[in-house]
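File shown here: my_file27.pdb, holding PDB, C-alpha atoms.
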```pdb
MODEL        1
ATOM      1  CA  MET A   3      -6.538  -6.713   9.161  1.00  0.00           C
ATOM      2  CA  SER A   4      -5.857  -5.309  12.569  1.00  0.00           C
ATOM      3  CA  GLU A   5      -2.665  -7.378  12.899  1.00  0.00           C
ATOM      4  CA  GLN A   6      -1.011  -4.849  10.578  1.00  0.00           C
ATOM      5  CA  PHE A   7      -1.642  -2.170  13.206  1.00  0.00           C
ATOM      6  CA  GLU A   8      -1.761  -4.105  16.473  1.00  0.00           C
ATOM      7  CA  GLY A   9       0.349  -6.868  17.848  1.00  0.00           C
ATOM      8  CA  SER A  10       3.415  -7.227  19.974  1.00  0.00           C
ATOM      9  CA  ARG A  11       5.033  -4.143  21.432  1.00  0.00           C
ATOM     10  CA  ARG A  12       1.919  -1.946  20.930  1.00  0.00           C
ATOM     11  CA  HIS A  13       2.276  -1.852  17.147  1.00  0.00           C
ATOM     12  CA  GLY A  14       1.760  -4.369  14.373  1.00  0.00           C
ATOM     13  CA  TYR A  15       3.950  -4.982  11.382  1.00  0.00           C
ATOM     14  CA  ALA A  16       3.069  -1.800   9.488  1.00  0.00           C
ATOM     15  CA  THR A  17       3.632   0.661  12.305  1.00  0.00           C
ATOM     16  CA  ARG A  18       6.261  -1.034  14.465  1.00  0.00           C
ATOM     17  CA  SER A  19       8.568   1.495  16.058  1.00  0.00           C
ATOM     18  CA  THR A  20      11.734  -0.275  14.890  1.00  0.00           C
ATOM     19  CA  ALA A  21      10.781   0.295  11.230  1.00  0.00           C
ATOM     20  CA  VAL A  22       9.286   3.791  11.107  1.00  0.00           C
ATOM     21  CA  THR A  23      10.651   7.187  12.100  1.00  0.00           C
ATOM     22  CA  GLU A  24       7.399   9.161  12.112  1.00  0.00           C
ATOM     23  CA  ASN A  25       4.827   9.294  14.915  1.00  0.00           C
ATOM     24  CA  GLN A  26       2.053   8.932  12.314  1.00  0.00           C
ATOM     25  CA  PRO A  27       3.626   6.840   9.511  1.00  0.00           C
ATOM     26  CA  VAL A  28       0.432   5.545   7.846  1.00  0.00           C
ATOM     27  CA  PHE A  29      -0.681   7.356   4.689  1.00  0.00           C
ATOM     28  CA  SER A  30      -3.290   6.865   1.979  1.00  0.00           C
ATOM     29  CA  HIS A  31      -4.889   8.674  -0.943  1.00  0.00           C
ATOM     30  CA  ASP A  32      -6.067  11.667   1.083  1.00  0.00           C
ATOM     31  CA  LYS A  33      -3.405  12.317   3.751  1.00  0.00           C
ATOM     32  CA  LEU A  34       0.323  11.790   4.220  1.00  0.00           C
ATOM     33  CA  ASN A  35       0.035  11.154   7.977  1.00  0.00           C
ATOM     34  CA  TYR A  36      -2.990   9.340   9.379  1.00  0.00           C
ATOM     35  CA  ASP A  37      -3.877  10.095  12.997  1.00  0.00           C
ATOM     36  CA  ASN A  38      -5.504   7.534  15.322  1.00  0.00           C
ATOM     37  CA  HIS A  39      -9.015   8.470  14.155  1.00  0.00           C
ATOM     38  CA  ASP A  40      -8.022   8.022  10.488  1.00  0.00           C
ATOM     39  CA  VAL A  41      -6.392   4.651  11.236  1.00  0.00           C
ATOM     40  CA  SER A  42      -9.496   3.512  13.133  1.00  0.00           C
ATOM     41  CA  ASN A  43     -11.725   4.354  10.147  1.00  0.00           C
ATOM     42  CA  LEU A  44      -9.283   2.669   7.777  1.00  0.00           C
ATOM     43  CA  LYS A  45      -9.238  -0.502   9.895  1.00  0.00           C
ATOM     44  CA  LYS A  46     -13.054  -0.633   9.806  1.00  0.00           C
ATOM     45  CA  ARG A  47     -13.057  -0.411   6.012  1.00  0.00           C
ATOM     46  CA  LEU A  48     -10.335  -3.043   5.643  1.00  0.00           C
ATOM     47  CA  ASP A  49     -12.129  -5.357   8.081  1.00  0.00           C
ATOM     48  CA  GLU A  50     -15.324  -4.890   6.058  1.00  0.00           C
ATOM     49  CA  ALA A  51     -13.435  -5.791   2.880  1.00  0.00           C
ATOM     50  CA  GLN A  52     -12.197  -9.005   4.420  1.00  0.00           C
ATOM     51  CA  GLN A  53     -15.654  -9.840   5.878  1.00  0.00           C
ATOM     52  CA  ASN A  54     -16.940  -9.477   2.308  1.00  0.00           C
ATOM     53  CA  GLY A  55     -14.460 -12.157   1.205  1.00  0.00           C
ATOM     54  CA  ASN A  56     -12.130  -9.859  -0.703  1.00  0.00           C
ATOM     55  CA  ASN A  57      -8.393 -10.324  -1.026  1.00  0.00           C
ATOM     56  CA  MET A  58      -6.012  -8.081   0.868  1.00  0.00           C
ATOM     57  CA  TYR A  59      -3.084  -7.242  -1.382  1.00  0.00           C
ATOM     58  CA  GLU A  60       0.315  -6.335   0.021  1.00  0.00           C
ATOM     59  CA  LEU A  61       3.191  -5.046  -2.059  1.00  0.00           C
ATOM     60  CA  ALA A  62       6.652  -4.020  -0.945  1.00  0.00           C
ATOM     61  CA  PHE A  63       9.085  -1.962  -2.978  1.00  0.00           C
ATOM     62  CA  SER A  64      12.739  -1.884  -1.948  1.00  0.00           C
ATOM     63  CA  ILE A  65      14.659   1.257  -2.825  1.00  0.00           C
ATOM     64  CA  ARG A  66      18.447   1.438  -2.840  1.00  0.00           C
ATOM     65  CA  GLY A  67      20.176   4.236  -0.957  1.00  0.00           C
ATOM     66  CA  ASP A  68      22.228   5.368  -3.963  1.00  0.00           C
ATOM     67  CA  TRP A  69      19.000   5.842  -5.941  1.00  0.00           C
ATOM     68  CA  LEU A  70      17.519   7.928  -3.110  1.00  0.00           C
ATOM     69  CA  VAL A  71      20.635  10.145  -3.058  1.00  0.00           C
ATOM     70  CA  LYS A  72      20.744  10.455  -6.867  1.00  0.00           C
ATOM     71  CA  ASN A  73      17.084  11.534  -6.950  1.00  0.00           C
ATOM     72  CA  LYS A  74      17.521  13.990  -4.072  1.00  0.00           C
ATOM     73  CA  LEU A  75      15.219  12.091  -1.738  1.00  0.00           C
ATOM     74  CA  TYR A  76      17.915  11.443   0.857  1.00  0.00           C
ATOM     75  CA  ASP A  77      20.694  13.805   1.925  1.00  0.00           C
ATOM     76  CA  PRO A  78      23.589  11.768   3.354  1.00  0.00           C
ATOM     77  CA  GLU A  79      25.129  14.943   4.854  1.00  0.00           C
ATOM     78  CA  THR A  80      22.096  15.694   7.036  1.00  0.00           C
ATOM     79  CA  GLY A  81      20.621  12.170   7.175  1.00  0.00           C
ATOM     80  CA  ILE A  82      17.228  13.571   6.107  1.00  0.00           C
ATOM     81  CA  LEU A  83      14.863  11.459   3.999  1.00  0.00           C
ATOM     82  CA  ASP A  84      12.077  13.295   2.149  1.00  0.00           C
ATOM     83  CA  GLN A  85       9.283  10.964   3.256  1.00  0.00           C
ATOM     84  CA  ASN A  86       6.521  13.265   2.027  1.00  0.00           C
ATOM     85  CA  LYS A  87       7.882  13.197  -1.524  1.00  0.00           C
ATOM     86  CA  LEU A  88       8.147   9.405  -1.370  1.00  0.00           C
ATOM     87  CA  LYS A  89       4.596   9.133  -0.031  1.00  0.00           C
ATOM     88  CA  ARG A  90       3.252  11.333  -2.831  1.00  0.00           C
ATOM     89  CA  ALA A  91       5.015   9.072  -5.350  1.00  0.00           C
ATOM     90  CA  GLU A  92       3.538   6.015  -3.639  1.00  0.00           C
ATOM     91  CA  GLN A  93       0.060   7.585  -3.900  1.00  0.00           C
ATOM     92  CA  VAL A  94       0.553   7.674  -7.686  1.00  0.00           C
ATOM     93  CA  VAL A  95       1.802   4.061  -7.724  1.00  0.00           C
ATOM     94  CA  ALA A  96      -1.170   2.883  -5.625  1.00  0.00           C
ATOM     95  CA  LYS A  97      -3.672   4.657  -7.873  1.00  0.00           C
ATOM     96  CA  LYS A  98      -2.106   3.129 -10.971  1.00  0.00           C
ATOM     97  CA  LEU A  99      -2.086  -0.402  -9.551  1.00  0.00           C
ATOM     98  CA  ILE A 100      -5.631  -0.147  -8.173  1.00  0.00           C
ATOM     99  CA  ASN A 101      -7.027   1.233 -11.438  1.00  0.00           C
ATOM    100  CA  GLN A 102      -4.872  -0.522 -14.029  1.00  0.00           C
ATOM    101  CA  GLY A 103      -3.256  -3.497 -12.299  1.00  0.00           C
ATOM    102  CA  PHE A 104      -6.121  -5.939 -12.803  1.00  0.00           C
ATOM    103  CA  SER A 105      -8.403  -6.810 -15.719  1.00  0.00           C
ATOM    104  CA  LEU A 106     -10.806  -4.158 -14.340  1.00  0.00           C
ATOM    105  CA  PRO A 107     -10.240  -1.444 -11.715  1.00  0.00           C
ATOM    106  CA  LEU A 108     -10.106  -3.143  -8.308  1.00  0.00           C
ATOM    107  CA  GLY A 109     -13.040  -1.125  -6.962  1.00  0.00           C
ATOM    108  CA  GLU A 110     -16.346  -0.457  -8.650  1.00  0.00           C
ATOM    109  CA  THR A 111     -15.820   3.205  -7.729  1.00  0.00           C
ATOM    110  CA  PRO A 112     -12.719   4.986  -6.377  1.00  0.00           C
ATOM    111  CA  GLU A 113     -14.334   5.005  -2.910  1.00  0.00           C
ATOM    112  CA  ASP A 114     -14.751   1.210  -3.056  1.00  0.00           C
ATOM    113  CA  VAL A 115     -11.043   0.598  -2.358  1.00  0.00           C
ATOM    114  CA  ALA A 116      -9.381   0.982   1.027  1.00  0.00           C
ATOM    115  CA  TRP A 117      -5.615   1.237   1.013  1.00  0.00           C
ATOM    116  CA  PHE A 118      -2.675   2.474   3.036  1.00  0.00           C
ATOM    117  CA  GLY A 119       1.071   2.626   2.861  1.00  0.00           C
ATOM    118  CA  VAL A 120       4.088   3.021   5.135  1.00  0.00           C
ATOM    119  CA  ILE A 121       7.811   3.572   4.714  1.00  0.00           C
ATOM    120  CA  HIS A 122      10.058   1.150   6.598  1.00  0.00           C
ATOM    121  CA  GLN A 123      13.655   2.051   7.338  1.00  0.00           C
ATOM    122  CA  ASP A 124      14.807  -0.899   9.480  1.00  0.00           C
ATOM    123  CA  THR A 125      16.885  -2.720   6.867  1.00  0.00           C
ATOM    124  CA  ASP A 126      19.908  -1.789   4.771  1.00  0.00           C
ATOM    125  CA  HIS A 127      17.514  -0.474   2.122  1.00  0.00           C
ATOM    126  CA  LEU A 128      14.297   1.498   2.373  1.00  0.00           C
ATOM    127  CA  ASN A 129      11.034  -0.405   1.893  1.00  0.00           C
ATOM    128  CA  MET A 130       7.733   1.138   0.861  1.00  0.00           C
ATOM    129  CA  HIS A 131       4.719  -1.054   1.649  1.00  0.00           C
ATOM    130  CA  LEU A 132       1.176  -0.887   0.268  1.00  0.00           C
ATOM    131  CA  TRP A 133      -1.894  -2.761   1.445  1.00  0.00           C
ATOM    132  CA  PHE A 134      -5.194  -2.492  -0.452  1.00  0.00           C
ATOM    133  CA  ALA A 135      -8.566  -4.210  -0.845  1.00  0.00           C
ATOM    134  CA  LYS A 136     -11.920  -3.787  -2.529  1.00  0.00           C
ATOM    135  CA  VAL A 137     -14.474  -3.012   0.206  1.00  0.00           C
ATOM    136  CA  SER A 138     -17.854  -4.044  -1.235  1.00  0.00           C
ATOM    137  CA  PRO A 139     -18.659  -7.671  -2.115  1.00  0.00           C
ATOM    138  CA  GLU A 140     -17.278  -8.553  -5.537  1.00  0.00           C
ATOM    139  CA  THR A 141     -20.058  -9.106  -8.092  1.00  0.00           C
ATOM    140  CA  ARG A 142     -18.277  -8.570 -11.407  1.00  0.00           C
ATOM    141  CA  PRO A 143     -17.778 -11.912 -13.196  1.00  0.00           C
ATOM    142  CA  GLU A 144     -14.412 -10.762 -14.592  1.00  0.00           C
ATOM    143  CA  MET A 145     -13.093 -10.242 -11.078  1.00  0.00           C
ATOM    144  CA  LEU A 146     -14.543 -13.342  -9.397  1.00  0.00           C
ATOM    145  CA  LYS A 147     -12.267 -16.320  -8.860  1.00  0.00           C
ATOM    146  CA  GLN A 148     -12.704 -18.815 -11.637  1.00  0.00           C
ATOM    147  CA  THR A 149     -12.277 -22.563 -11.297  1.00  0.00           C
ATOM    148  CA  GLY A 150     -11.050 -24.904 -13.991  1.00  0.00           C
ATOM    149  CA  PRO A 151      -8.033 -24.831 -16.272  1.00  0.00           C
ATOM    150  CA  TYR A 152      -5.861 -21.748 -16.507  1.00  0.00           C
ATOM    151  CA  LYS A 153      -7.049 -19.427 -19.286  1.00  0.00           C
ATOM    152  CA  GLY A 154      -5.041 -16.245 -19.672  1.00  0.00           C
ATOM    153  CA  GLN A 155      -4.494 -13.874 -16.748  1.00  0.00           C
ATOM    154  CA  GLN A 156      -5.321 -15.269 -13.333  1.00  0.00           C
ATOM    155  CA  VAL A 157      -8.017 -13.367 -11.475  1.00  0.00           C
ATOM    156  CA  GLY A 158      -6.722 -11.536  -8.417  1.00  0.00           C
ATOM    157  CA  VAL A 159      -3.141 -11.475  -9.627  1.00  0.00           C
ATOM    158  CA  ILE A 160      -1.358  -8.301 -10.624  1.00  0.00           C
ATOM    159  CA  PRO A 161       0.829  -9.130 -13.639  1.00  0.00           C
ATOM    160  CA  LEU A 162       4.515  -8.397 -13.092  1.00  0.00           C
ATOM    161  CA  THR A 163       4.488  -6.117 -16.155  1.00  0.00           C
ATOM    162  CA  ASN A 164       1.890  -3.896 -14.427  1.00  0.00           C
ATOM    163  CA  ILE A 165       4.027  -3.727 -11.269  1.00  0.00           C
ATOM    164  CA  GLU A 166       7.135  -2.890 -13.308  1.00  0.00           C
ATOM    165  CA  GLU A 167       5.225  -0.170 -15.178  1.00  0.00           C
ATOM    166  CA  ALA A 168       4.027   1.355 -11.882  1.00  0.00           C
ATOM    167  CA  LYS A 169       7.605   1.437 -10.549  1.00  0.00           C
TER
ENDMDL
END
```

As structure tokens:
Amino acid sequence: MSEQFEGSRRHGYATRSTAVTENQPVFSHDKLNYDNHDVSNLKKRLDEAQQNGNNMYELAFSIRGDWLVKNKLYDPETGILDQNKLKRAEQVVAKKLINQGFSLPLGETPEDVAWFGVIHQDTDHLNMHLWFAKVSPETRPEMLKQTGPYKGQQVGVIPLTNIEEAK
């Protein structure tokens, strides 16, 4: 998981300086700006999730500039983007996807999911990214990967209807 935070040019994909405008761009359920200590703890939890064999999910939502202006999230006169308001909205989206995106909630408890998000502004449209994973080893039969012929919803896949509903 650390490649999202570390890599070339001191930062990984999530926090690369060409994409973010904040000094502390990482956010999650409890804070809008994670400091180095918070990121370190988050990385440990995400690494534990992957050591336990769990999937790391990544979602990206592209948002058009005209929509940001219309919804008073971006002021073209001042060039100011209300990142805190967008992050609070993304917290709601993450909670919905984690709790209702799969056949069961992703975690066995709310504390059993590690997730973070960032806002990227290095393209012609804003991108909001989410990464999340169940931390503890998966034991629920409904959430374990099944082999054999396809029967209904695939395990580990968020149906497009659930993503659309969250948006």

Given the file shown, enumerate the residues that the PyMOL selection byres ((chain A and resi 64) around 10) captures and present them as a PDB file with C-alpha atoms, in the coordinates of the input.
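Saved file expr.pdb follows:
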```pdb
ATOM      1  CA  ALA A  62       6.652  -4.020  -0.945  1.00  0.00           C
ATOM      2  CA  PHE A  63       9.085  -1.962  -2.978  1.00  0.00           C
ATOM      3  CA  ILE A  65      14.659   1.257  -2.825  1.00  0.00           C
ATOM      4  CA  ARG A  66      18.447   1.438  -2.840  1.00  0.00           C
ATOM      5  CA  GLY A  67      20.176   4.236  -0.957  1.00  0.00           C
ATOM      6  CA  ILE A 121       7.811   3.572   4.714  1.00  0.00           C
ATOM      7  CA  HIS A 122      10.058   1.150   6.598  1.00  0.00           C
ATOM      8  CA  THR A 125      16.885  -2.720   6.867  1.00  0.00           C
ATOM      9  CA  ASP A 126      19.908  -1.789   4.771  1.00  0.00           C
ATOM     10  CA  HIS A 127      17.514  -0.474   2.122  1.00  0.00           C
ATOM     11  CA  LEU A 128      14.297   1.498   2.373  1.00  0.00           C
ATOM     12  CA  ASN A 129      11.034  -0.405   1.893  1.00  0.00           C
ATOM     13  CA  MET A 130       7.733   1.138   0.861  1.00  0.00           C
ATOM     14  CA  HIS A 131       4.719  -1.054   1.649  1.00  0.00           C
TER      15      HIS A 131
END
```

Exercise. If you count all atoms listed in the file, which residues fall within 10 Å of Lys89 (chain A), apart from same-chain ones fewer than 2 positions away, as a PyMOL selection string?
Worked result: chain A and resi 27-31+33-35+84-87+91-95+119-121+130

Exercise. Any chance you could work out the residue set of the PyMOL selection byres ((chain A and resi 50) around 12) here, as number ranges by chain?
Worked result: A: 3-4, 43-49, 51-58, 114-116, 135-139

Problem set entry | Residue nearest Glu110 (chain A) among A:Thr141, A:Gln123, A:Lys98, A:Leu88 (counting all atoms listed in the file) |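 Nearest candidate to Glu110 (chain A) out of A:Thr141, A:Gln123, A:Lys98, A:Leu88: A:Thr141.
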
For this session: Please indicate the distance in Å from CA of Gln26 (chain A) to CA of Asp40 (chain A), rounded to one decimal place.
Result: 10.3 Å

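Between Leu83 (chain A) and the candidates A:Gly14, A:Met145, A:Glu24, A:Asp37, the tightest atom-to-atom separation, counting all atoms listed in the file, involves A:Glu24.
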
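CA of Leu61 (chain A) is found 11.8 Å from CA of Ile100 (chain A).
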
Exercise. What gap, in Å, lies between CA of Phe118 (chain A) and CA of Phe134 (chain A)?
Worked result: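 Those two atoms sit 6.6 Å apart.
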
Exercise. Could you name the residues that touch Leu106 (chain A) at 8 Å or less, counting all atoms listed in the file, but leaving out those on the same chain fewer than 3 positions away, as a list in words?
Worked result: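 So the residues in contact are Asn101, Gln102, Gly103, Glu144 and Met145 of chain A.
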
Deliver the residues from the most recent selection as a file, using C-alpha atoms, as a CSV table (one decimal), in the coordinates of the input.
```
chain,number,residue,atom,x,y,z
A,101,ASN,CA,-7.0,1.2,-11.4
A,102,GLN,CA,-4.9,-0.5,-14.0
A,103,GLY,CA,-3.3,-3.5,-12.3
A,144,GLU,CA,-14.4,-10.8,-14.6
A,145,MET,CA,-13.1,-10.2,-11.1
```

For this session: Could you tell me which of A:Ala16, A:Leu99, A:Val71, A:Ile82 comes closest to Val41 (chain A) if we count all atoms listed in the file?
Result: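 Going through A:Ala16, A:Leu99, A:Val71, A:Ile82 one by one, the smallest distance to Val41 (chain A) is for A:Ala16.
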
As JSON, please report the centre and edge lengths, rounded to one decimal in Å, of the axis-aligned box that holds all listed atoms of region 69-87 of chain A with 5 Å of padding on each of the six sides.
```
{"center_x": 15.8, "center_y": 10.8, "center_z": 0.1, "size_x": 28.6, "size_y": 19.9, "size_z": 24.1}
```

Would you mind completing region 26-37 of chain A to all heavy atoms and writing the output as a PDB file, in the coordinates of the input?
```pdb
ATOM      1  N   GLN A  26       3.250   9.316  13.062  1.00  0.00           N
ATOM      2  CA  GLN A  26       2.053   8.932  12.314  1.00  0.00           C
ATOM      3  C   GLN A  26       2.486   8.490  10.914  1.00  0.00           C
ATOM      4  O   GLN A  26       2.334   9.228   9.943  1.00  0.00           O
ATOM      5  CB  GLN A  26       1.070  10.090  12.250  1.00  0.00           C
ATOM      6  CG  GLN A  26       0.570  10.508  13.623  1.00  0.00           C
ATOM      7  CD  GLN A  26      -0.287  11.754  13.570  1.00  0.00           C
ATOM      8  OE1 GLN A  26      -0.056  12.662  12.781  1.00  0.00           O
ATOM      9  NE2 GLN A  26      -1.285  11.791  14.433  1.00  0.00           N
ATOM     10  N   PRO A  27       3.025   7.265  10.777  1.00  0.00           N
ATOM     11  CA  PRO A  27       3.626   6.840   9.511  1.00  0.00           C
ATOM     12  C   PRO A  27       2.644   6.376   8.436  1.00  0.00           C
ATOM     13  O   PRO A  27       3.006   6.298   7.267  1.00  0.00           O
ATOM     14  CB  PRO A  27       4.522   5.676   9.933  1.00  0.00           C
ATOM     15  CG  PRO A  27       3.814   5.087  11.111  1.00  0.00           C
ATOM     16  CD  PRO A  27       3.223   6.273  11.831  1.00  0.00           C
ATOM     17  N   VAL A  28       1.400   6.071   8.799  1.00  0.00           N
ATOM     18  CA  VAL A  28       0.432   5.545   7.846  1.00  0.00           C
ATOM     19  C   VAL A  28      -0.071   6.674   6.954  1.00  0.00           C
ATOM     20  O   VAL A  28      -0.396   7.761   7.418  1.00  0.00           O
ATOM     21  CB  VAL A  28      -0.752   4.871   8.581  1.00  0.00           C
ATOM     22  CG1 VAL A  28      -1.847   4.453   7.609  1.00  0.00           C
ATOM     23  CG2 VAL A  28      -0.260   3.693   9.395  1.00  0.00           C
ATOM     24  N   PHE A  29      -0.137   6.389   5.647  1.00  0.00           N
ATOM     25  CA  PHE A  29      -0.681   7.356   4.689  1.00  0.00           C
ATOM     26  C   PHE A  29      -1.601   6.639   3.721  1.00  0.00           C
ATOM     27  O   PHE A  29      -1.610   5.412   3.637  1.00  0.00           O
ATOM     28  CB  PHE A  29       0.437   8.099   3.947  1.00  0.00           C
ATOM     29  CG  PHE A  29       1.252   7.231   3.038  1.00  0.00           C
ATOM     30  CD1 PHE A  29       0.971   7.136   1.685  1.00  0.00           C
ATOM     31  CD2 PHE A  29       2.327   6.499   3.524  1.00  0.00           C
ATOM     32  CE1 PHE A  29       1.723   6.336   0.843  1.00  0.00           C
ATOM     33  CE2 PHE A  29       3.089   5.700   2.698  1.00  0.00           C
ATOM     34  CZ  PHE A  29       2.793   5.612   1.355  1.00  0.00           C
ATOM     35  N   SER A  30      -2.403   7.413   2.992  1.00  0.00           N
ATOM     36  CA  SER A  30      -3.290   6.865   1.979  1.00  0.00           C
ATOM     37  C   SER A  30      -3.518   7.915   0.903  1.00  0.00           C
ATOM     38  O   SER A  30      -2.727   8.847   0.771  1.00  0.00           O
ATOM     39  CB  SER A  30      -4.609   6.400   2.611  1.00  0.00           C
ATOM     40  OG  SER A  30      -5.358   5.646   1.668  1.00  0.00           O
ATOM     41  N   HIS A  31      -4.614   7.790   0.183  1.00  0.00           N
ATOM     42  CA  HIS A  31      -4.889   8.674  -0.943  1.00  0.00           C
ATOM     43  C   HIS A  31      -5.144  10.121  -0.529  1.00  0.00           C
ATOM     44  O   HIS A  31      -4.906  11.037  -1.302  1.00  0.00           O
ATOM     45  CB  HIS A  31      -6.102   8.155  -1.728  1.00  0.00           C
ATOM     46  CG  HIS A  31      -7.378   8.253  -0.959  1.00  0.00           C
ATOM     47  ND1 HIS A  31      -7.680   7.396   0.090  1.00  0.00           N
ATOM     48  CD2 HIS A  31      -8.423   9.117  -1.055  1.00  0.00           C
ATOM     49  CE1 HIS A  31      -8.851   7.726   0.583  1.00  0.00           C
ATOM     50  NE2 HIS A  31      -9.326   8.763  -0.092  1.00  0.00           N
ATOM     51  N   ASP A  32      -5.611  10.339   0.694  1.00  0.00           N
ATOM     52  CA  ASP A  32      -6.067  11.667   1.083  1.00  0.00           C
ATOM     53  C   ASP A  32      -5.154  12.406   2.057  1.00  0.00           C
ATOM     54  O   ASP A  32      -5.243  13.618   2.180  1.00  0.00           O
ATOM     55  CB  ASP A  32      -7.469  11.583   1.680  1.00  0.00           C
ATOM     56  CG  ASP A  32      -7.548  10.634   2.874  1.00  0.00           C
ATOM     57  OD1 ASP A  32      -6.641   9.791   3.036  1.00  0.00           O
ATOM     58  OD2 ASP A  32      -8.526  10.719   3.638  1.00  0.00           O
ATOM     59  N   LYS A  33      -4.274  11.689   2.752  1.00  0.00           N
ATOM     60  CA  LYS A  33      -3.405  12.317   3.751  1.00  0.00           C
ATOM     61  C   LYS A  33      -2.060  11.611   3.796  1.00  0.00           C
ATOM     62  O   LYS A  33      -1.993  10.394   3.610  1.00  0.00           O
ATOM     63  CB  LYS A  33      -4.035  12.252   5.149  1.00  0.00           C
ATOM     64  CG  LYS A  33      -5.254  13.134   5.344  1.00  0.00           C
ATOM     65  CD  LYS A  33      -5.899  12.896   6.695  1.00  0.00           C
ATOM     66  CE  LYS A  33      -5.148  13.590   7.803  1.00  0.00           C
ATOM     67  NZ  LYS A  33      -5.865  13.512   9.101  1.00  0.00           N
ATOM     68  N   LEU A  34      -1.013  12.369   4.109  1.00  0.00           N
ATOM     69  CA  LEU A  34       0.323  11.790   4.220  1.00  0.00           C
ATOM     70  C   LEU A  34       0.620  11.255   5.612  1.00  0.00           C
ATOM     71  O   LEU A  34       1.582  10.495   5.783  1.00  0.00           O
ATOM     72  CB  LEU A  34       1.385  12.817   3.827  1.00  0.00           C
ATOM     73  CG  LEU A  34       1.333  13.306   2.372  1.00  0.00           C
ATOM     74  CD1 LEU A  34       2.471  14.261   2.089  1.00  0.00           C
ATOM     75  CD2 LEU A  34       1.337  12.142   1.397  1.00  0.00           C
ATOM     76  N   ASN A  35      -0.173  11.630   6.607  1.00  0.00           N
ATOM     77  CA  ASN A  35       0.035  11.154   7.977  1.00  0.00           C
ATOM     78  C   ASN A  35      -1.316  10.933   8.641  1.00  0.00           C
ATOM     79  O   ASN A  35      -1.972  11.889   9.047  1.00  0.00           O
ATOM     80  CB  ASN A  35       0.868  12.153   8.784  1.00  0.00           C
ATOM     81  CG  ASN A  35       2.242  12.347   8.193  1.00  0.00           C
ATOM     82  OD1 ASN A  35       2.469  13.251   7.393  1.00  0.00           O
ATOM     83  ND2 ASN A  35       3.166  11.487   8.561  1.00  0.00           N
ATOM     84  N   TYR A  36      -1.722   9.666   8.741  1.00  0.00           N
ATOM     85  CA  TYR A  36      -2.990   9.340   9.379  1.00  0.00           C
ATOM     86  C   TYR A  36      -2.858   9.418  10.897  1.00  0.00           C
ATOM     87  O   TYR A  36      -1.921   8.868  11.465  1.00  0.00           O
ATOM     88  CB  TYR A  36      -3.417   7.920   9.002  1.00  0.00           C
ATOM     89  CG  TYR A  36      -4.317   7.840   7.788  1.00  0.00           C
ATOM     90  CD1 TYR A  36      -4.241   8.762   6.752  1.00  0.00           C
ATOM     91  CD2 TYR A  36      -5.238   6.822   7.666  1.00  0.00           C
ATOM     92  CE1 TYR A  36      -5.065   8.675   5.652  1.00  0.00           C
ATOM     93  CE2 TYR A  36      -6.068   6.720   6.567  1.00  0.00           C
ATOM     94  CZ  TYR A  36      -5.983   7.656   5.568  1.00  0.00           C
ATOM     95  OH  TYR A  36      -6.808   7.568   4.486  1.00  0.00           O
ATOM     96  N   ASP A  37      -3.832  10.085  11.536  1.00  0.00           N
ATOM     97  CA  ASP A  37      -3.877  10.095  12.997  1.00  0.00           C
ATOM     98  C   ASP A  37      -4.670   8.869  13.471  1.00  0.00           C
ATOM     99  O   ASP A  37      -5.134   8.061  12.655  1.00  0.00           O
ATOM    100  CB  ASP A  37      -4.456  11.405  13.532  1.00  0.00           C
ATOM    101  CG  ASP A  37      -5.889  11.675  13.090  1.00  0.00           C
ATOM    102  OD1 ASP A  37      -6.631  10.714  12.760  1.00  0.00           O
ATOM    103  OD2 ASP A  37      -6.283  12.852  13.083  1.00  0.00           O
TER     104      ASP A  37
END
```
